[in-house]
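K.L.:
Let me begin by handing over the structure; questions about it come next.
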Amino acid sequence: APFFRLAMATIPFGLLAKVSTMTLRLTFQSRRFSVISAAGVLVQALAAIYLVAILRIGITGVFLANLIASIFRAVLGIGFTHKHFRLVFSRSWLQPMLAFGLPLVPASLSLWVLNYSNRYFLVRFATLSDVGLLAVGVRVSSIVTFVISAFQIAWGPFAYSLIKDERLAKSTYSKVLTYFLLISSLATVSLAIFAREAVLVLATPAYEPSASLVPWLCYGSIAWGVVYIVGMGSGIAKKSYHTTISTVLAAVVNTGLNFLLVPRWGITGAAASTMLGYLMALIYGYYVGQHYFPVDYEFRRVFTLVGMTTVTIVAGGFIDRSLPSWSPEILLYKIPLYTMFVASLFILGVISRGEVNRVRGYLGARLTGLLGYLH
């Protein structure tokens, strides 16, 4: 109960910080957004170290650190954005805001079910040890989730800013989907192939079985990230209820599959159910997005990329199963496998030399500008 009270006390400050950072996103103030995010993480880390490691007040210290960091982010955020707000009540804005926002409340609840219902089934059909293994797998895969979350933060304001030029918007959405999948696939293959090594570094050998969950969890995160791109049509049409429908469908599929798969396959069934739930949201989001704002996506490149990613991850899993006891020799198989994956993307035309040169030129220009600024 005391932990619950501390968590509830954190919510108002978290909402204030959320409104402030959303305002910074919509006004393209990326530096201030980064300051709030980085400083908030630093304050939370320092507070947690002091309260837990020095004062030794245990879990209470973790929740207090979160509260302190939320207060800090809220105060700093309001300081940055207060000029955008004033204390007025607008009846004309209330109705459209409620019409757009209320359908998203069930969507949030559905996302909670989608992300956490597998724990419920694991506790009843498996063991608490399996819950711990799943938690470690989620932590490892969160590296990919972090990259995707950063994209989601930046994507919305940028995507909507292109709507005035429909042709440019559709061309950009198509390219962004390809590049998003390229970057996330490179990260997923890296993490999936070396998940076993990552678990051994971050945890103990007892958690080694959680490495096999990482590909399923990464694929789920990627599917949810793709929804933000291919589902832009419903957002452009201001039909937010489609977000609710997609997440409710995903939650229902996830819950049903948990009931079927967890008793048979344990943590693998739980991870697969979550991924398939996200895939359901992706399928619905794609068809709705195409209905309101059709885009000609680069499906040849997309399917080639997804296929090569899957083949490489399966091959990496075969290597791990063939060598039950870990040794440095495993890396002699995994490093060439990853190299072959990257090479295949060039050979099959997923990545062109011209695109590499453009990226190299862009990064070079940014680095030159940064060095000039520092000088």
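Naming scheme: A, B, ... for chains in displayed order of the structure tokens; residues 1 onward per chain; ligands 1 onward as shown.
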Neighbours of range 285-296 of chain A within 8 Å (only C-alpha atoms; same-chain residues fewer than 4 positions away dropped), as a ChimeraX atom specification?
P.N.:
/A:170-171,173-174,227,230-234,236-237,242-243,246,281
K.L.:
How would the residues just chosen look if you wrote them out with N, CA, C and O atoms as a PDB file, in the first residue's frame?
P.N.:
```
ATOM      1  N   LYS A 170       3.092  11.374 -49.062  1.00  0.00           N
ATOM      2  CA  LYS A 170       3.019   9.956 -49.406  1.00  0.00           C
ATOM      3  C   LYS A 170       4.394   9.396 -49.764  1.00  0.00           C
ATOM      4  O   LYS A 170       4.742   8.275 -49.376  1.00  0.00           O
ATOM      5  N   SER A 171       5.178  10.168 -50.513  1.00  0.00           N
ATOM      6  CA  SER A 171       6.522   9.726 -50.867  1.00  0.00           C
ATOM      7  C   SER A 171       7.396   9.566 -49.619  1.00  0.00           C
ATOM      8  O   SER A 171       8.143   8.589 -49.480  1.00  0.00           O
ATOM      9  N   TYR A 173       6.341   9.076 -46.437  1.00  0.00           N
ATOM     10  CA  TYR A 173       5.873   7.956 -45.613  1.00  0.00           C
ATOM     11  C   TYR A 173       6.401   6.625 -46.147  1.00  0.00           C
ATOM     12  O   TYR A 173       6.792   5.735 -45.380  1.00  0.00           O
ATOM     13  N   SER A 174       6.415   6.484 -47.465  1.00  0.00           N
ATOM     14  CA  SER A 174       6.894   5.251 -48.079  1.00  0.00           C
ATOM     15  C   SER A 174       8.372   5.016 -47.768  1.00  0.00           C
ATOM     16  O   SER A 174       8.773   3.922 -47.362  1.00  0.00           O
ATOM     17  N   VAL A 227       2.974   0.532 -37.019  1.00  0.00           N
ATOM     18  CA  VAL A 227       1.591   1.035 -36.941  1.00  0.00           C
ATOM     19  C   VAL A 227       1.569   2.556 -37.016  1.00  0.00           C
ATOM     20  O   VAL A 227       0.694   3.154 -37.644  1.00  0.00           O
ATOM     21  N   VAL A 230       2.154   3.304 -41.022  1.00  0.00           N
ATOM     22  CA  VAL A 230       1.123   2.888 -41.979  1.00  0.00           C
ATOM     23  C   VAL A 230      -0.281   3.288 -41.526  1.00  0.00           C
ATOM     24  O   VAL A 230      -1.211   3.300 -42.336  1.00  0.00           O
ATOM     25  N   GLY A 231      -0.442   3.604 -40.238  1.00  0.00           N
ATOM     26  CA  GLY A 231      -1.756   3.995 -39.742  1.00  0.00           C
ATOM     27  C   GLY A 231      -1.986   5.491 -39.701  1.00  0.00           C
ATOM     28  O   GLY A 231      -2.953   5.956 -39.079  1.00  0.00           O
ATOM     29  N   MET A 232      -1.120   6.259 -40.377  1.00  0.00           N
ATOM     30  CA  MET A 232      -1.242   7.710 -40.358  1.00  0.00           C
ATOM     31  C   MET A 232      -2.578   8.189 -40.914  1.00  0.00           C
ATOM     32  O   MET A 232      -3.087   9.243 -40.534  1.00  0.00           O
ATOM     33  N   GLY A 233      -3.173   7.424 -41.806  1.00  0.00           N
ATOM     34  CA  GLY A 233      -4.412   7.842 -42.451  1.00  0.00           C
ATOM     35  C   GLY A 233      -5.532   8.133 -41.467  1.00  0.00           C
ATOM     36  O   GLY A 233      -6.262   9.124 -41.609  1.00  0.00           O
ATOM     37  N   SER A 234      -5.683   7.296 -40.437  1.00  0.00           N
ATOM     38  CA  SER A 234      -6.758   7.517 -39.465  1.00  0.00           C
ATOM     39  C   SER A 234      -6.488   8.763 -38.638  1.00  0.00           C
ATOM     40  O   SER A 234      -7.413   9.477 -38.248  1.00  0.00           O
ATOM     41  N   ILE A 236      -4.807  11.429 -39.774  1.00  0.00           N
ATOM     42  CA  ILE A 236      -5.052  12.555 -40.681  1.00  0.00           C
ATOM     43  C   ILE A 236      -6.548  12.831 -40.791  1.00  0.00           C
ATOM     44  O   ILE A 236      -6.980  13.986 -40.839  1.00  0.00           O
ATOM     45  N   ALA A 237      -7.346  11.756 -40.802  1.00  0.00           N
ATOM     46  CA  ALA A 237      -8.795  11.913 -40.888  1.00  0.00           C
ATOM     47  C   ALA A 237      -9.440  12.220 -39.537  1.00  0.00           C
ATOM     48  O   ALA A 237     -10.662  12.400 -39.464  1.00  0.00           O
ATOM     49  N   HIS A 242     -10.301   4.410 -34.437  1.00  0.00           N
ATOM     50  CA  HIS A 242      -9.633   3.273 -35.068  1.00  0.00           C
ATOM     51  C   HIS A 242      -8.440   2.800 -34.235  1.00  0.00           C
ATOM     52  O   HIS A 242      -8.098   1.610 -34.253  1.00  0.00           O
ATOM     53  N   THR A 243      -7.799   3.725 -33.527  1.00  0.00           N
ATOM     54  CA  THR A 243      -6.710   3.330 -32.624  1.00  0.00           C
ATOM     55  C   THR A 243      -7.241   2.416 -31.532  1.00  0.00           C
ATOM     56  O   THR A 243      -6.615   1.411 -31.174  1.00  0.00           O
ATOM     57  N   SER A 246      -8.026  -1.047 -33.041  1.00  0.00           N
ATOM     58  CA  SER A 246      -6.821  -1.839 -33.312  1.00  0.00           C
ATOM     59  C   SER A 246      -6.220  -2.390 -32.030  1.00  0.00           C
ATOM     60  O   SER A 246      -5.802  -3.566 -31.987  1.00  0.00           O
ATOM     61  N   ALA A 281      -2.684  -5.568 -34.545  1.00  0.00           N
ATOM     62  CA  ALA A 281      -2.845  -4.104 -34.576  1.00  0.00           C
ATOM     63  C   ALA A 281      -2.253  -3.528 -35.857  1.00  0.00           C
ATOM     64  O   ALA A 281      -2.811  -2.587 -36.450  1.00  0.00           O
TER      65      ALA A 281
END
```
K.L.:
Per residue of range 152-241 of chain A within 10 Å of range 264-270 of chain A, which atom pair is closest and at what distance in Å (one decimal), using only C-alpha atoms, listed by chain and increasing number, as a tab-separated table?
P.N.:
```
residue	atom	partner	partner_atom	distance
A:Pro209	CA	A:Ile267	CA	9.5
A:Ser210	CA	A:Ile267	CA	8.3
A:Ser212	CA	A:Thr268	CA	7.7
A:Leu213	CA	A:Thr268	CA	6.2
A:Val214	CA	A:Thr268	CA	9.8
A:Trp216	CA	A:Thr268	CA	8.3
A:Leu217	CA	A:Ala270	CA	9.8
```
K.L.:
Keeping C-alpha atoms for every residue in the selection just given, could you write it to a file as a compact mmCIF listing (two decimals), in the first residue's frame?
P.N.:
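Just written: again.txt:
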```txt
# COMPACT_ATOMS: atom_id res chain seq x y z
CA PRO A 209 16.83 -19.29 -21.52
CA SER A 210 15.37 -15.77 -21.75
CA SER A 212 15.30 -17.08 -27.01
CA LEU A 213 12.48 -14.62 -26.24
CA VAL A 214 14.31 -11.57 -27.56
CA TRP A 216 9.69 -12.40 -30.52
CA LEU A 217 9.69 -9.31 -28.30
```
K.L.:
Counting only C-alpha atoms, what is within 12 Å of Val199 in chain A, bar same-chain residues fewer than 3 positions away, as a compact mmCIF listing (two decimals) with all heavy atoms, in the first residue's frame?
P.N.:
```txt
# COMPACT_ATOMS: atom_id res chain seq x y z
N LEU A 133 12.18 -14.86 -16.11
CA LEU A 133 12.85 -15.03 -17.40
C LEU A 133 12.26 -14.08 -18.44
O LEU A 133 12.99 -13.48 -19.23
CB LEU A 133 12.72 -16.48 -17.87
CG LEU A 133 13.49 -17.53 -17.08
CD1 LEU A 133 13.13 -18.93 -17.55
CD2 LEU A 133 14.99 -17.32 -17.21
N LEU A 134 10.94 -13.97 -18.46
CA LEU A 134 10.29 -13.05 -19.39
C LEU A 134 10.73 -11.61 -19.13
O LEU A 134 10.98 -10.85 -20.07
CB LEU A 134 8.77 -13.17 -19.29
CG LEU A 134 7.96 -12.24 -20.19
CD1 LEU A 134 8.21 -12.54 -21.65
CD2 LEU A 134 6.47 -12.35 -19.87
N ALA A 135 10.83 -11.25 -17.85
CA ALA A 135 11.24 -9.89 -17.50
C ALA A 135 12.63 -9.57 -18.02
O ALA A 135 12.89 -8.47 -18.53
CB ALA A 135 11.18 -9.70 -15.99
N VAL A 136 13.55 -10.54 -17.93
CA VAL A 136 14.90 -10.32 -18.44
C VAL A 136 14.88 -10.20 -19.96
O VAL A 136 15.57 -9.34 -20.55
CB VAL A 136 15.84 -11.45 -18.00
CG1 VAL A 136 17.20 -11.35 -18.69
CG2 VAL A 136 16.04 -11.41 -16.49
N GLY A 137 14.09 -11.05 -20.63
CA GLY A 137 13.97 -10.94 -22.08
C GLY A 137 13.44 -9.59 -22.50
O GLY A 137 13.91 -8.99 -23.48
N VAL A 138 12.45 -9.07 -21.76
CA VAL A 138 11.90 -7.75 -22.06
C VAL A 138 12.96 -6.68 -21.88
O VAL A 138 13.07 -5.74 -22.68
CB VAL A 138 10.67 -7.47 -21.16
CG1 VAL A 138 10.24 -6.01 -21.27
CG2 VAL A 138 9.52 -8.39 -21.53
N ARG A 139 13.77 -6.81 -20.83
CA ARG A 139 14.82 -5.81 -20.57
C ARG A 139 15.84 -5.78 -21.70
O ARG A 139 16.27 -4.72 -22.14
CB ARG A 139 15.52 -6.10 -19.25
CG ARG A 139 14.67 -5.85 -18.03
CD ARG A 139 14.29 -4.40 -17.90
NE ARG A 139 13.51 -4.14 -16.72
CZ ARG A 139 12.93 -2.99 -16.42
NH1 ARG A 139 13.02 -1.99 -17.29
NH2 ARG A 139 12.22 -2.84 -15.33
N VAL A 140 16.24 -6.94 -22.16
CA VAL A 140 17.22 -7.00 -23.24
C VAL A 140 16.63 -6.42 -24.53
O VAL A 140 17.26 -5.61 -25.22
CB VAL A 140 17.71 -8.44 -23.46
CG1 VAL A 140 18.62 -8.51 -24.68
CG2 VAL A 140 18.45 -8.95 -22.24
N SER A 141 15.41 -6.82 -24.85
CA SER A 141 14.78 -6.32 -26.08
C SER A 141 14.42 -4.85 -26.00
O SER A 141 14.17 -4.20 -27.02
CB SER A 141 13.51 -7.13 -26.39
OG SER A 141 12.53 -6.92 -25.39
N LEU A 191 20.77 -7.74 -31.79
CA LEU A 191 20.36 -8.12 -30.45
C LEU A 191 19.96 -9.59 -30.37
O LEU A 191 20.29 -10.28 -29.39
CB LEU A 191 19.18 -7.24 -30.02
CG LEU A 191 18.98 -7.04 -28.52
CD1 LEU A 191 20.22 -6.46 -27.87
CD2 LEU A 191 17.79 -6.11 -28.28
N ALA A 192 19.26 -10.07 -31.40
CA ALA A 192 18.79 -11.46 -31.37
C ALA A 192 19.95 -12.45 -31.46
O ALA A 192 19.98 -13.45 -30.74
CB ALA A 192 17.80 -11.69 -32.51
N ILE A 193 20.90 -12.17 -32.34
CA ILE A 193 22.03 -13.09 -32.50
C ILE A 193 22.87 -13.13 -31.23
O ILE A 193 23.33 -14.20 -30.79
CB ILE A 193 22.89 -12.68 -33.71
CG1 ILE A 193 22.13 -12.94 -35.01
CG2 ILE A 193 24.22 -13.45 -33.72
CD1 ILE A 193 22.90 -12.53 -36.24
N PHE A 194 23.08 -11.96 -30.64
CA PHE A 194 23.94 -11.88 -29.45
C PHE A 194 23.14 -11.75 -28.16
O PHE A 194 23.67 -11.28 -27.15
CB PHE A 194 24.91 -10.71 -29.60
CG PHE A 194 25.82 -10.82 -30.80
CD1 PHE A 194 25.58 -10.07 -31.93
CD2 PHE A 194 26.89 -11.70 -30.80
CE1 PHE A 194 26.41 -10.18 -33.05
CE2 PHE A 194 27.72 -11.82 -31.90
CZ PHE A 194 27.47 -11.05 -33.04
N ALA A 195 21.87 -12.17 -28.17
CA ALA A 195 21.04 -12.07 -26.97
C ALA A 195 21.58 -12.94 -25.85
O ALA A 195 21.55 -12.56 -24.67
CB ALA A 195 19.61 -12.49 -27.31
N ARG A 196 22.09 -14.10 -26.20
CA ARG A 196 22.63 -15.01 -25.19
C ARG A 196 23.79 -14.35 -24.46
O ARG A 196 23.87 -14.39 -23.22
CB ARG A 196 23.08 -16.30 -25.87
CG ARG A 196 23.55 -17.40 -24.93
CD ARG A 196 23.93 -18.62 -25.75
NE ARG A 196 24.30 -19.76 -24.93
CZ ARG A 196 24.71 -20.92 -25.43
NH1 ARG A 196 24.76 -21.09 -26.77
NH2 ARG A 196 25.04 -21.91 -24.63
N LEU A 202 24.38 -9.17 -18.49
CA LEU A 202 23.46 -8.39 -17.66
C LEU A 202 22.88 -9.18 -16.48
O LEU A 202 22.42 -8.59 -15.51
CB LEU A 202 22.30 -7.87 -18.52
CG LEU A 202 22.71 -6.91 -19.66
CD1 LEU A 202 21.50 -6.57 -20.52
CD2 LEU A 202 23.33 -5.63 -19.10
N ALA A 203 22.88 -10.51 -16.59
CA ALA A 203 22.29 -11.32 -15.53
C ALA A 203 23.24 -12.49 -15.21
O ALA A 203 24.45 -12.35 -15.30
CB ALA A 203 20.91 -11.81 -15.96
N THR A 204 22.66 -13.62 -14.87
CA THR A 204 23.44 -14.81 -14.53
C THR A 204 23.06 -15.94 -15.49
O THR A 204 22.04 -15.85 -16.19
CB THR A 204 23.15 -15.25 -13.08
OG1 THR A 204 21.78 -15.66 -12.99
CG2 THR A 204 23.40 -14.10 -12.11
N PRO A 205 23.85 -17.02 -15.52
CA PRO A 205 23.52 -18.14 -16.41
C PRO A 205 22.12 -18.72 -16.19
O PRO A 205 21.55 -19.33 -17.09
CB PRO A 205 24.60 -19.17 -16.10
CG PRO A 205 25.77 -18.35 -15.65
CD PRO A 205 25.18 -17.20 -14.89
N ALA A 206 21.56 -18.52 -15.00
CA ALA A 206 20.22 -19.04 -14.72
C ALA A 206 19.17 -18.40 -15.62
O ALA A 206 18.11 -18.99 -15.87
CB ALA A 206 19.86 -18.80 -13.26
N TYR A 207 19.46 -17.20 -16.12
CA TYR A 207 18.51 -16.48 -16.97
C TYR A 207 18.79 -16.68 -18.46
O TYR A 207 18.16 -16.05 -19.30
CB TYR A 207 18.55 -14.99 -16.65
CG TYR A 207 17.97 -14.65 -15.31
CD1 TYR A 207 18.80 -14.53 -14.19
CD2 TYR A 207 16.61 -14.44 -15.15
CE1 TYR A 207 18.27 -14.22 -12.94
CE2 TYR A 207 16.07 -14.12 -13.91
CZ TYR A 207 16.91 -14.01 -12.81
OH TYR A 207 16.39 -13.71 -11.58
N GLU A 208 19.72 -17.56 -18.80
CA GLU A 208 20.11 -17.76 -20.18
C GLU A 208 18.94 -18.15 -21.10
O GLU A 208 18.89 -17.71 -22.25
CB GLU A 208 21.22 -18.81 -20.26
CG GLU A 208 22.00 -18.78 -21.55
CD GLU A 208 23.23 -19.69 -21.48
OE1 GLU A 208 23.80 -19.84 -20.38
OE2 GLU A 208 23.60 -20.23 -22.53
N PRO A 209 17.96 -18.94 -20.63
CA PRO A 209 16.83 -19.29 -21.52
C PRO A 209 16.04 -18.08 -22.01
O PRO A 209 15.32 -18.18 -23.02
CB PRO A 209 15.96 -20.20 -20.63
CG PRO A 209 16.92 -20.79 -19.65
CD PRO A 209 17.91 -19.70 -19.37
N SER A 210 16.14 -16.95 -21.32
CA SER A 210 15.37 -15.77 -21.75
C SER A 210 15.88 -15.21 -23.07
O SER A 210 15.17 -14.43 -23.72
CB SER A 210 15.43 -14.68 -20.67
OG SER A 210 16.75 -14.21 -20.50
N ALA A 211 17.09 -15.60 -23.50
CA ALA A 211 17.64 -15.08 -24.76
C ALA A 211 16.76 -15.46 -25.95
O ALA A 211 16.65 -14.70 -26.91
CB ALA A 211 19.06 -15.60 -24.96
N SER A 212 16.13 -16.63 -25.88
CA SER A 212 15.30 -17.08 -27.01
C SER A 212 14.04 -16.24 -27.18
O SER A 212 13.39 -16.30 -28.23
CB SER A 212 14.91 -18.55 -26.81
OG SER A 212 14.12 -18.70 -25.64
N LEU A 213 13.68 -15.45 -26.16
CA LEU A 213 12.48 -14.62 -26.24
C LEU A 213 12.72 -13.31 -26.97
O LEU A 213 11.77 -12.67 -27.43
CB LEU A 213 11.97 -14.31 -24.83
CG LEU A 213 11.73 -15.49 -23.89
CD1 LEU A 213 11.26 -14.97 -22.54
CD2 LEU A 213 10.74 -16.46 -24.48
N VAL A 214 13.97 -12.90 -27.04
CA VAL A 214 14.31 -11.57 -27.56
C VAL A 214 13.78 -11.34 -28.98
O VAL A 214 13.19 -10.28 -29.26
CB VAL A 214 15.82 -11.32 -27.47
CG1 VAL A 214 16.21 -10.03 -28.20
CG2 VAL A 214 16.25 -11.25 -26.01
N TRP A 326 28.07 -22.25 -23.40
CA TRP A 326 28.64 -21.09 -24.08
C TRP A 326 30.15 -21.09 -23.98
O TRP A 326 30.74 -21.42 -22.94
CB TRP A 326 28.10 -19.79 -23.50
CG TRP A 326 28.46 -18.60 -24.34
CD1 TRP A 326 27.77 -18.08 -25.37
CD2 TRP A 326 29.67 -17.83 -24.24
NE1 TRP A 326 28.44 -17.02 -25.93
CE2 TRP A 326 29.62 -16.84 -25.25
CE3 TRP A 326 30.78 -17.87 -23.40
CZ2 TRP A 326 30.62 -15.90 -25.44
CZ3 TRP A 326 31.79 -16.93 -23.58
CH2 TRP A 326 31.70 -15.96 -24.60
```
K.L.:
Please determine, counting only C-alpha atoms, which residue among A:Thr247, A:Asn254, A:Thr310, A:Asn118 has the shortest atom-to-atom distance to Leu186 in chain A.
P.N.:
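Going through A:Thr247, A:Asn254, A:Thr310, A:Asn118 one by one, the smallest distance to Leu186 in chain A is for A:Thr310.
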K.L.:
Using only C-alpha atoms, find each residue in range 180-206 of chain A having at least one atom no more than 12 Å away from range 150-165 of chain A; report its shortest atom-to-atom pair and that distance in Å (one decimal), rows by chain then rising number, as a Markdown table.
P.N.:
```
| residue | atom | partner | partner_atom | distance |
| --- | --- | --- | --- | --- |
| A:Phe180 | CA | A:Phe151 | CA | 8.4 |
| A:Leu181 | CA | A:Phe151 | CA | 11.5 |
| A:Ile183 | CA | A:Phe151 | CA | 10.7 |
| A:Ser184 | CA | A:Phe151 | CA | 10.3 |
```
K.L.:
Write a file of the selected residues as a PDB file, in the first residue's frame, keeping C-alpha atoms.
P.N.:
```pdb
ATOM      1  CA  PHE A 180      12.562   2.495 -40.233  1.00  0.00           C
ATOM      2  CA  LEU A 181      12.459  -1.246 -40.914  1.00  0.00           C
ATOM      3  CA  ILE A 183      17.380   0.435 -38.908  1.00  0.00           C
ATOM      4  CA  SER A 184      15.162  -1.576 -36.570  1.00  0.00           C
TER       5      SER A 184
END
```
K.L.:
What lies within 12 Å of Ile59 in chain A using only C-alpha atoms, ignoring chain neighbours under 4 positions off, as a ChimeraX atom specification?
P.N.:
/A:2-4,6-7,48-49,51-53,55,63-66
K.L.:
Under the rule that only C-alpha atoms are counted, which of A:Ser325, A:Ser129, A:Thr188, A:Thr23 is the nearest residue to Leu305 in chain A?
P.N.:
A:Thr188
K.L.:
Tell me, as a PyMOL selection string, which residues lie within 12 Å of Pro336 in chain A, counting only C-alpha atoms; anything in the same chain fewer than 4 positions away does not count.
P.N.:
chain A and resi 190+193+312+315-316+330-332+340-343
K.L.:
With only C-alpha atoms as the counted atoms, please give the residues lying no more than 12 Å from His82 in chain A, apart from itself and same-chain residues fewer than 2 positions off, as a list in words.
P.N.:
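The residues that qualify are Leu16, Ala17, Val19, Ser20, Thr21, Thr23, Leu24, Ala74, Val75, Leu76, Gly77, Ile78, Gly79, Phe80, His84, Phe85, Arg86 and Leu87 of chain A.
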K.L.:
Please provide as a VMD selection string all residues within 9 Å of Leu67 in chain A, with the sequence filter that same-chain residues fewer than 4 positions apart are discarded (counting only C-alpha atoms).
P.N.:
chain A and resid 6 to 7 9 to 11 13 to 14 44 62 to 63 71 to 72
K.L.:
I need the residues from that last selection saved to file as a tab-separated table (two decimals), in the first residue's frame (with all heavy atoms), if you can.
P.N.:
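Final output, saved to out.tsv:
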```
chain	number	residue	atom	x	y	z
A	6	LEU	N	2.79	6.17	-3.15
A	6	LEU	CA	3.88	6.93	-3.78
A	6	LEU	C	3.72	6.95	-5.30
A	6	LEU	O	3.97	7.98	-5.94
A	6	LEU	CB	5.23	6.31	-3.40
A	6	LEU	CG	5.72	6.59	-1.98
A	6	LEU	CD1	6.97	5.76	-1.68
A	6	LEU	CD2	6.02	8.07	-1.80
A	7	ALA	N	3.31	5.83	-5.87
A	7	ALA	CA	3.11	5.78	-7.32
A	7	ALA	C	1.98	6.71	-7.74
A	7	ALA	O	2.08	7.41	-8.76
A	7	ALA	CB	2.81	4.34	-7.75
A	9	ALA	N	1.00	9.40	-6.17
A	9	ALA	CA	1.45	10.78	-6.00
A	9	ALA	C	2.32	11.24	-7.16
A	9	ALA	O	2.42	12.44	-7.44
A	9	ALA	CB	2.23	10.91	-4.69
A	10	THR	N	2.93	10.30	-7.85
A	10	THR	CA	3.80	10.63	-8.98
A	10	THR	C	3.00	11.02	-10.22
A	10	THR	O	3.48	11.80	-11.05
A	10	THR	CB	4.72	9.43	-9.30
A	10	THR	OG1	5.45	9.08	-8.12
A	10	THR	CG2	5.70	9.75	-10.41
A	11	ILE	N	1.79	10.49	-10.36
A	11	ILE	CA	1.02	10.64	-11.59
A	11	ILE	C	0.78	12.10	-12.00
A	11	ILE	O	1.01	12.46	-13.16
A	11	ILE	CB	-0.31	9.87	-11.49
A	11	ILE	CG1	-0.03	8.36	-11.50
A	11	ILE	CG2	-1.25	10.23	-12.64
A	11	ILE	CD1	-1.27	7.50	-11.30
A	13	PHE	N	2.45	14.84	-11.46
A	13	PHE	CA	3.68	15.45	-11.94
A	13	PHE	C	4.12	14.83	-13.26
A	13	PHE	O	4.65	15.50	-14.15
A	13	PHE	CB	4.78	15.30	-10.89
A	13	PHE	CG	4.45	15.96	-9.58
A	13	PHE	CD1	4.04	15.21	-8.49
A	13	PHE	CD2	4.52	17.34	-9.45
A	13	PHE	CE1	3.72	15.81	-7.29
A	13	PHE	CE2	4.20	17.96	-8.25
A	13	PHE	CZ	3.79	17.19	-7.17
A	14	GLY	N	3.88	13.52	-13.40
A	14	GLY	CA	4.19	12.87	-14.67
A	14	GLY	C	3.35	13.42	-15.81
A	14	GLY	O	3.84	13.60	-16.93
A	44	GLN	N	16.81	11.06	-11.45
A	44	GLN	CA	16.24	9.82	-10.93
A	44	GLN	C	17.34	8.84	-10.54
A	44	GLN	O	17.25	8.19	-9.48
A	44	GLN	CB	15.32	9.19	-11.97
A	44	GLN	CG	14.61	7.93	-11.47
A	44	GLN	CD	13.54	7.45	-12.43
A	44	GLN	OE1	13.19	8.14	-13.37
A	44	GLN	NE2	13.01	6.26	-12.19
A	62	VAL	N	13.24	3.58	-4.33
A	62	VAL	CA	13.02	3.54	-5.79
A	62	VAL	C	11.81	4.39	-6.17
A	62	VAL	O	11.85	5.19	-7.10
A	62	VAL	CB	12.82	2.08	-6.25
A	62	VAL	CG1	12.49	2.05	-7.74
A	62	VAL	CG2	14.07	1.25	-5.96
A	63	PHE	N	10.72	4.23	-5.40
A	63	PHE	CA	9.51	5.01	-5.71
A	63	PHE	C	9.70	6.49	-5.41
A	63	PHE	O	9.20	7.35	-6.13
A	63	PHE	CB	8.33	4.45	-4.92
A	63	PHE	CG	7.75	3.19	-5.49
A	63	PHE	CD1	8.21	1.95	-5.09
A	63	PHE	CD2	6.75	3.24	-6.45
A	63	PHE	CE1	7.69	0.79	-5.63
A	63	PHE	CE2	6.23	2.09	-7.00
A	63	PHE	CZ	6.70	0.86	-6.59
A	71	ILE	N	8.74	15.31	-10.33
A	71	ILE	CA	8.59	16.70	-9.91
A	71	ILE	C	9.59	17.59	-10.63
A	71	ILE	O	9.26	18.68	-11.12
A	71	ILE	CB	8.76	16.83	-8.38
A	71	ILE	CG1	7.61	16.10	-7.67
A	71	ILE	CG2	8.81	18.29	-7.96
A	71	ILE	CD1	7.79	16.01	-6.17
A	72	PHE	N	10.82	17.12	-10.73
A	72	PHE	CA	11.86	17.89	-11.42
A	72	PHE	C	11.51	18.12	-12.88
A	72	PHE	O	11.60	19.24	-13.40
A	72	PHE	CB	13.20	17.15	-11.30
A	72	PHE	CG	14.32	17.78	-12.09
A	72	PHE	CD1	15.02	18.85	-11.59
A	72	PHE	CD2	14.65	17.30	-13.35
A	72	PHE	CE1	16.05	19.45	-12.32
A	72	PHE	CE2	15.67	17.88	-14.09
A	72	PHE	CZ	16.37	18.96	-13.57
```
